[in-house]
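Coordinates from entry27.pdb are shown below (PDB, C-alpha atoms).
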ATOM      1  CA  MET Q  17       0.000   0.000   0.000  1.00  0.00           C
ATOM      2  CA  MET Q  18       2.862   2.319   0.659  1.00  0.00           C
ATOM      3  CA  TYR Q  19       3.858   2.029  -2.981  1.00  0.00           C
ATOM      4  CA  ASP Q  20       0.452   3.200  -4.211  1.00  0.00           C
ATOM      5  CA  GLN Q  21       0.513   6.225  -1.901  1.00  0.00           C
ATOM      6  CA  GLN Q  22       3.975   7.246  -3.068  1.00  0.00           C
ATOM      7  CA  ARG Q  23       3.007   6.756  -6.653  1.00  0.00           C
ATOM      8  CA  ALA Q  24      -0.102   8.874  -6.235  1.00  0.00           C
ATOM      9  CA  GLN Q  25       1.979  11.757  -4.882  1.00  0.00           C
ATOM     10  CA  GLN Q  26       4.381  11.814  -7.813  1.00  0.00           C
ATOM     11  CA  PRO Q  27       3.730  14.173 -10.701  1.00  0.00           C
ATOM     12  CA  PRO Q  28       2.125  12.587 -13.724  1.00  0.00           C
ATOM     13  CA  SER Q  29       4.501  11.144 -16.268  1.00  0.00           C
ATOM     14  CA  LYS Q  30       5.647  13.554 -18.924  1.00  0.00           C
ATOM     15  CA  THR Q  31       4.270  11.795 -21.940  1.00  0.00           C
ATOM     16  CA  PRO Q  32       4.708  14.137 -24.878  1.00  0.00           C
ATOM     17  CA  ASP Q  33       1.536  15.749 -26.068  1.00  0.00           C
ATOM     18  CA  PRO Q  34       1.347  14.972 -29.796  1.00  0.00           C
ATOM     19  CA  THR Q  35      -0.378  18.293 -30.442  1.00  0.00           C
ATOM     20  CA  LYS Q  36       2.641  20.166 -29.041  1.00  0.00           C
ATOM     21  CA  ARG Q  37       5.372  18.321 -30.917  1.00  0.00           C
ATOM     22  CA  ARG Q  38       8.007  20.304 -32.684  1.00  0.00           C
ATOM     23  CA  GLY Q  39       9.114  19.646 -36.200  1.00  0.00           C
ATOM     24  CA  PRO Q  40       7.058  18.729 -39.215  1.00  0.00           C
ATOM     25  CA  GLN Q  41       3.537  17.761 -38.384  1.00  0.00           C
ATOM     26  CA  PRO Q  42       1.552  15.355 -40.484  1.00  0.00           C
ATOM     27  CA  SER Q  43      -1.183  17.275 -42.170  1.00  0.00           C
ATOM     28  CA  ARG Q  44      -4.794  16.509 -41.546  1.00  0.00           C
ATOM     29  CA  THR Q  45      -5.070  15.382 -45.136  1.00  0.00           C
ATOM     30  CA  GLU Q  46      -2.255  12.816 -44.865  1.00  0.00           C
ATOM     31  CA  PRO Q  47      -4.554   9.814 -45.442  1.00  0.00           C
ATOM     32  CA  ALA Q  48      -5.949  11.620 -48.473  1.00  0.00           C
ATOM     33  CA  ARG Q  49      -2.425  12.242 -49.750  1.00  0.00           C
ATOM     34  CA  GLU Q  50      -1.533   8.583 -49.335  1.00  0.00           C
ATOM     35  CA  ARG Q  51      -4.649   7.684 -51.292  1.00  0.00           C
ATOM     36  CA  ASP Q  52      -3.772  10.254 -53.966  1.00  0.00           C
ATOM     37  CA  ARG Q  53      -0.305   8.756 -54.453  1.00  0.00           C
ATOM     38  CA  ALA Q  54      -2.015   5.625 -55.676  1.00  0.00           C
ATOM     39  CA  THR Q  55      -3.912   7.743 -58.204  1.00  0.00           C
ATOM     40  CA  ASP Q  56      -1.114  10.150 -59.146  1.00  0.00           C
ATOM     41  CA  PRO Q  57      -1.037  10.983 -62.824  1.00  0.00           C
ATOM     42  CA  VAL Q  58       1.394   8.821 -64.754  1.00  0.00           C
ATOM     43  CA  LEU Q  59       3.755  11.218 -66.471  1.00  0.00           C
ATOM     44  CA  LEU Q  60       5.719   8.697 -68.509  1.00  0.00           C
ATOM     45  CA  PRO Q  61       4.479   5.416 -69.929  1.00  0.00           C
ATOM     46  CA  GLN Q  62       5.859   2.309 -68.232  1.00  0.00           C
ATOM     47  CA  ASN Q  63       7.950   1.326 -71.260  1.00  0.00           C
ATOM     48  CA  GLU Q  64       9.750   4.706 -71.210  1.00  0.00           C
ATOM     49  CA  ARG Q  65      10.356   4.478 -67.464  1.00  0.00           C
ATOM     50  CA  ASP Q  66      11.700   0.948 -67.913  1.00  0.00           C
ATOM     51  CA  GLU Q  67      14.004   2.036 -70.729  1.00  0.00           C
ATOM     52  CA  LEU Q  68      15.442   4.924 -68.695  1.00  0.00           C
ATOM     53  CA  ALA Q  69      15.873   2.695 -65.639  1.00  0.00           C
ATOM     54  CA  LEU Q  70      17.655   0.055 -67.730  1.00  0.00           C
ATOM     55  CA  ARG Q  71      20.015   2.617 -69.234  1.00  0.00           C
ATOM     56  CA  LEU Q  72      20.818   4.000 -65.798  1.00  0.00           C
ATOM     57  CA  GLN Q  73      21.422   0.511 -64.413  1.00  0.00           C
ATOM     58  CA  GLN Q  74      23.740  -0.274 -67.327  1.00  0.00           C
ATOM     59  CA  ALA Q  75      25.696   2.900 -66.582  1.00  0.00           C
ATOM     60  CA  LEU Q  76      25.976   1.904 -62.934  1.00  0.00           C
ATOM     61  CA  ASP Q  77      27.098  -1.594 -63.896  1.00  0.00           C
ATOM     62  CA  THR Q  78      29.994  -0.212 -65.972  1.00  0.00           C
ATOM     63  CA  SER Q  79      31.096   2.337 -63.365  1.00  0.00           C
ATOM     64  CA  THR Q  80      33.938   0.188 -62.025  1.00  0.00           C
ATOM     65  CA  ASP Q  81      35.565  -0.526 -65.383  1.00  0.00           C
ATOM     66  CA  LYS Q  82      34.703   2.704 -67.196  1.00  0.00           C
ATOM     67  CA  PRO Q  83      33.770   5.391 -64.656  1.00  0.00           C
ATOM     68  CA  ARG Q  84      33.872   8.332 -67.079  1.00  0.00           C
ATOM     69  CA  GLN Q  85      31.703   6.532 -69.628  1.00  0.00           C
ATOM     70  CA  ALA Q  86      29.297   5.558 -66.832  1.00  0.00           C
ATOM     71  CA  VAL Q  87      28.969   9.178 -65.701  1.00  0.00           C
ATOM     72  CA  GLU Q  88      28.450  10.352 -69.282  1.00  0.00           C
ATOM     73  CA  GLU Q  89      25.686   7.777 -69.779  1.00  0.00           C
ATOM     74  CA  ALA Q  90      24.053   8.678 -66.449  1.00  0.00           C
ATOM     75  CA  ASP Q  91      24.118  12.327 -67.529  1.00  0.00           C
ATOM     76  CA  ALA Q  92      22.475  11.396 -70.837  1.00  0.00           C
ATOM     77  CA  VAL Q  93      19.796   9.364 -69.043  1.00  0.00           C
ATOM     78  CA  LEU Q  94      19.028  12.275 -66.720  1.00  0.00           C
ATOM     79  CA  SER Q  95      18.875  14.660 -69.669  1.00  0.00           C
ATOM     80  CA  ASP Q  96      16.472  12.348 -71.522  1.00  0.00           C
ATOM     81  CA  ALA Q  97      14.317  11.928 -68.422  1.00  0.00           C
ATOM     82  CA  ILE Q  98      14.110  15.699 -67.922  1.00  0.00           C
ATOM     83  CA  THR Q  99      13.226  16.246 -71.587  1.00  0.00           C
ATOM     84  CA  ARG Q 100      10.522  13.587 -71.540  1.00  0.00           C
ATOM     85  CA  LEU Q 101       9.066  14.738 -68.229  1.00  0.00           C
ATOM     86  CA  THR Q 102       9.023  18.356 -69.387  1.00  0.00           C
ATOM     87  CA  ALA Q 103       7.151  17.374 -72.543  1.00  0.00           C
ATOM     88  CA  ALA Q 104       4.703  15.239 -70.552  1.00  0.00           C
ATOM     89  CA  LEU Q 105       4.058  18.005 -68.006  1.00  0.00           C
ATOM     90  CA  THR Q 106       3.577  20.580 -70.758  1.00  0.00           C
ATOM     91  CA  GLU Q 107       1.027  18.332 -72.465  1.00  0.00           C
ATOM     92  CA  HIS Q 108      -0.727  17.585 -69.180  1.00  0.00           C
ATOM     93  CA  ARG Q 109      -1.031  21.305 -68.445  1.00  0.00           C
ATOM     94  CA  ARG Q 110      -2.269  22.018 -71.966  1.00  0.00           C
ATOM     95  CA  LEU Q 111      -5.024  19.436 -71.565  1.00  0.00           C
ATOM     96  CA  LEU Q 112      -6.019  20.837 -68.176  1.00  0.00           C
ATOM     97  CA  ARG Q 113      -6.170  24.380 -69.535  1.00  0.00           C
ATOM     98  CA  THR Q 114      -8.305  23.486 -72.531  1.00  0.00           C
ATOM     99  CA  GLY Q 115     -10.902  22.189 -70.110  1.00  0.00           C
ATOM    100  CA  TRP Q 116     -11.493  25.481 -68.316  1.00  0.00           C
ATOM    101  CA  GLN Q 117      -9.977  28.417 -70.224  1.00  0.00           C
ATOM    102  CA  ASP Q 118     -12.509  28.541 -73.027  1.00  0.00           C
ATOM    103  CA  GLU Q 119     -14.652  31.587 -72.208  1.00  0.00           C
ATOM    104  CA  ASP Q 120     -17.546  30.225 -74.260  1.00  0.00           C
ATOM    105  CA  THR Q 121     -17.844  27.084 -72.164  1.00  0.00           C
ATOM    106  CA  GLU Q 122     -19.890  27.343 -68.991  1.00  0.00           C
ATOM    107  CA  LEU Q 123     -18.423  24.916 -66.485  1.00  0.00           C
ATOM    108  CA  GLN Q 124     -20.284  23.595 -63.491  1.00  0.00           C
ATOM    109  CA  PRO Q 125     -18.696  24.009 -60.050  1.00  0.00           C
ATOM    110  CA  GLU Q 126     -18.130  20.247 -59.837  1.00  0.00           C
ATOM    111  CA  GLU Q 127     -16.166  20.262 -63.106  1.00  0.00           C
ATOM    112  CA  LEU Q 128     -14.024  23.121 -61.823  1.00  0.00           C
ATOM    113  CA  ARG Q 129     -13.492  21.288 -58.538  1.00  0.00           C
ATOM    114  CA  LEU Q 130     -12.283  18.195 -60.410  1.00  0.00           C
ATOM    115  CA  THR Q 131      -9.950  20.316 -62.525  1.00  0.00           C
ATOM    116  CA  LEU Q 132      -8.602  21.995 -59.405  1.00  0.00           C
ATOM    117  CA  ASP Q 133      -8.016  18.565 -57.874  1.00  0.00           C
ATOM    118  CA  GLN Q 134      -6.015  17.526 -60.943  1.00  0.00           C
ATOM    119  CA  TYR Q 135      -3.874  20.657 -60.598  1.00  0.00           C
ATOM    120  CA  ARG Q 136      -3.340  19.819 -56.928  1.00  0.00           C
ATOM    121  CA  GLN Q 137      -2.348  16.225 -57.696  1.00  0.00           C
ATOM    122  CA  ILE Q 138       0.206  17.122 -60.335  1.00  0.00           C
ATOM    123  CA  THR Q 139       1.668  19.969 -58.257  1.00  0.00           C
ATOM    124  CA  GLU Q 140       1.974  17.803 -55.146  1.00  0.00           C
ATOM    125  CA  LEU Q 141       3.578  15.072 -57.225  1.00  0.00           C
ATOM    126  CA  LEU Q 142       6.213  17.552 -58.376  1.00  0.00           C
ATOM    127  CA  LEU Q 143       6.760  18.892 -54.873  1.00  0.00           C
ATOM    128  CA  ARG Q 144       7.460  15.380 -53.590  1.00  0.00           C
ATOM    129  CA  LEU Q 145      10.415  15.076 -55.963  1.00  0.00           C
TER     130      LEU Q 145
END

Kindly present the structure from the file in structure tokens form.
Amino acid sequence: MMYDQQRAQQPPSKTPDPTKRRGPQPSRTEPARERDRATDPVLLPQNERDELALRLQQALDTSTDKPRQAVEEADAVLSDAITRLTAALTEHRRLLRTGWQDEDTELQPEELRLTLDQYRQITELLLRL
């Protein structure tokens, strides 16, 4: 019984309050973001992604024997990836804009909301890079 009395007199344990944590806080929309990652727009077709990944892997595989050639190939792969992604993003934006910029087309709020959501998805995808 003495133990319980002593324990009762001690201050409560200092368990950190998750609402007062420092550092990055998970946003309230984190589950939604996780769900969105599964539905992120695909910027490059799988065959192009596979080709770039294969070229990069081949460069890495030759890095011991031919380091300069490996770096040159890795640079070329990165350049190709940037070019292809830029073209894909430009096309994606063009398609989004054609859906809402036409002054003659009267869009419903739901259509605008869906377009806004597509802008959000692509922007968040880029910001995660």

When distances are computed from all atoms listed in the file, which of Q:Leu68, Q:Val93, Q:Leu145, Q:Ile138 shows the smallest separation from Asp56 of chain Q?
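Among the listed residues, Q:Ile138 lies closest to Asp56 of chain Q.
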
Closest to Arg71 of chain Q among Q:Pro57, Q:Thr139, Q:Asp133, Q:Ala97, using only C-alpha atoms?
Q:Ala97

Could you list, as a list in words, every residue matched by the PyMOL selection byres ((chain Q and resi 112) around 12) in this structure?
Leu105, Thr106, Glu107, His108, Arg109, Arg110, Leu111, Arg113, Thr114, Gly115, Trp116, Gln117, Asp118, Glu127, Leu128, Leu130, Thr131, Leu132, Asp133, Gln134, Tyr135, Arg136 and Ile138 of chain Q

Selected residues, C-alpha atoms, written as an mmCIF file, keeping the file's coordinate frame, please.
data_model
loop_
_atom_site.group_PDB
_atom_site.id
_atom_site.type_symbol
_atom_site.label_atom_id
_atom_site.label_comp_id
_atom_site.auth_asym_id
_atom_site.auth_seq_id
_atom_site.Cartn_x
_atom_site.Cartn_y
_atom_site.Cartn_z
ATOM 1 C CA LEU Q 105 4.058 18.005 -68.006
ATOM 2 C CA THR Q 106 3.577 20.580 -70.758
ATOM 3 C CA GLU Q 107 1.027 18.332 -72.465
ATOM 4 C CA HIS Q 108 -0.727 17.585 -69.180
ATOM 5 C CA ARG Q 109 -1.031 21.305 -68.445
ATOM 6 C CA ARG Q 110 -2.269 22.018 -71.966
ATOM 7 C CA LEU Q 111 -5.024 19.436 -71.565
ATOM 8 C CA ARG Q 113 -6.170 24.380 -69.535
ATOM 9 C CA THR Q 114 -8.305 23.486 -72.531
ATOM 10 C CA GLY Q 115 -10.902 22.189 -70.110
ATOM 11 C CA TRP Q 116 -11.493 25.481 -68.316
ATOM 12 C CA GLN Q 117 -9.977 28.417 -70.224
ATOM 13 C CA ASP Q 118 -12.509 28.541 -73.027
ATOM 14 C CA GLU Q 127 -16.166 20.262 -63.106
ATOM 15 C CA LEU Q 128 -14.024 23.121 -61.823
ATOM 16 C CA LEU Q 130 -12.283 18.195 -60.410
ATOM 17 C CA THR Q 131 -9.950 20.316 -62.525
ATOM 18 C CA LEU Q 132 -8.602 21.995 -59.405
ATOM 19 C CA ASP Q 133 -8.016 18.565 -57.874
ATOM 20 C CA GLN Q 134 -6.015 17.526 -60.943
ATOM 21 C CA TYR Q 135 -3.874 20.657 -60.598
ATOM 22 C CA ARG Q 136 -3.340 19.819 -56.928
ATOM 23 C CA ILE Q 138 0.206 17.122 -60.335
#

Two-atom distance - atom CA of Ala75 of chain Q, atom CA of Ala90 of chain Q (Å):
6.0 Å

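Closest approach to Val87 of chain Q among Q:Thr55, Q:Asn63, Q:Gln137, Q:Gln74 is made by Q:Gln74 (distances from all atoms listed in the file).
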
Care to translate the PyMOL selection byres ((chain Q and resi 60) around 10) into actual residues of this file, as a ChimeraX atom specification?
/Q:57-59,61-66,97,100-101,103-105

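Comparing the minimum interatomic distances between Leu94 of chain Q and each of Q:Asp77, Q:Leu142, Q:Lys82, Q:Ala69, counting only C-alpha atoms, we find that Q:Ala69 sits nearest.
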
Quote the spacing between atom CA of Pro83 of chain Q and atom CA of Ile98 of chain Q in Å to one decimal place.
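Answer for the atom CA of Pro83 of chain Q to atom CA of Ile98 of chain Q separation: 22.4 Å.
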
What are the centre and the three edge lengths of an axis-aligned box that wraps all atoms of segment 102-113 of chain Q in the file, given that 3 Å is added to every side, written as lines of an AutoDock Vina configuration file and rounded to one decimal in Å?
center_x = 1.4
center_y = 19.8
center_z = -70.3
size_x = 21.2
size_y = 15.1
size_z = 10.5
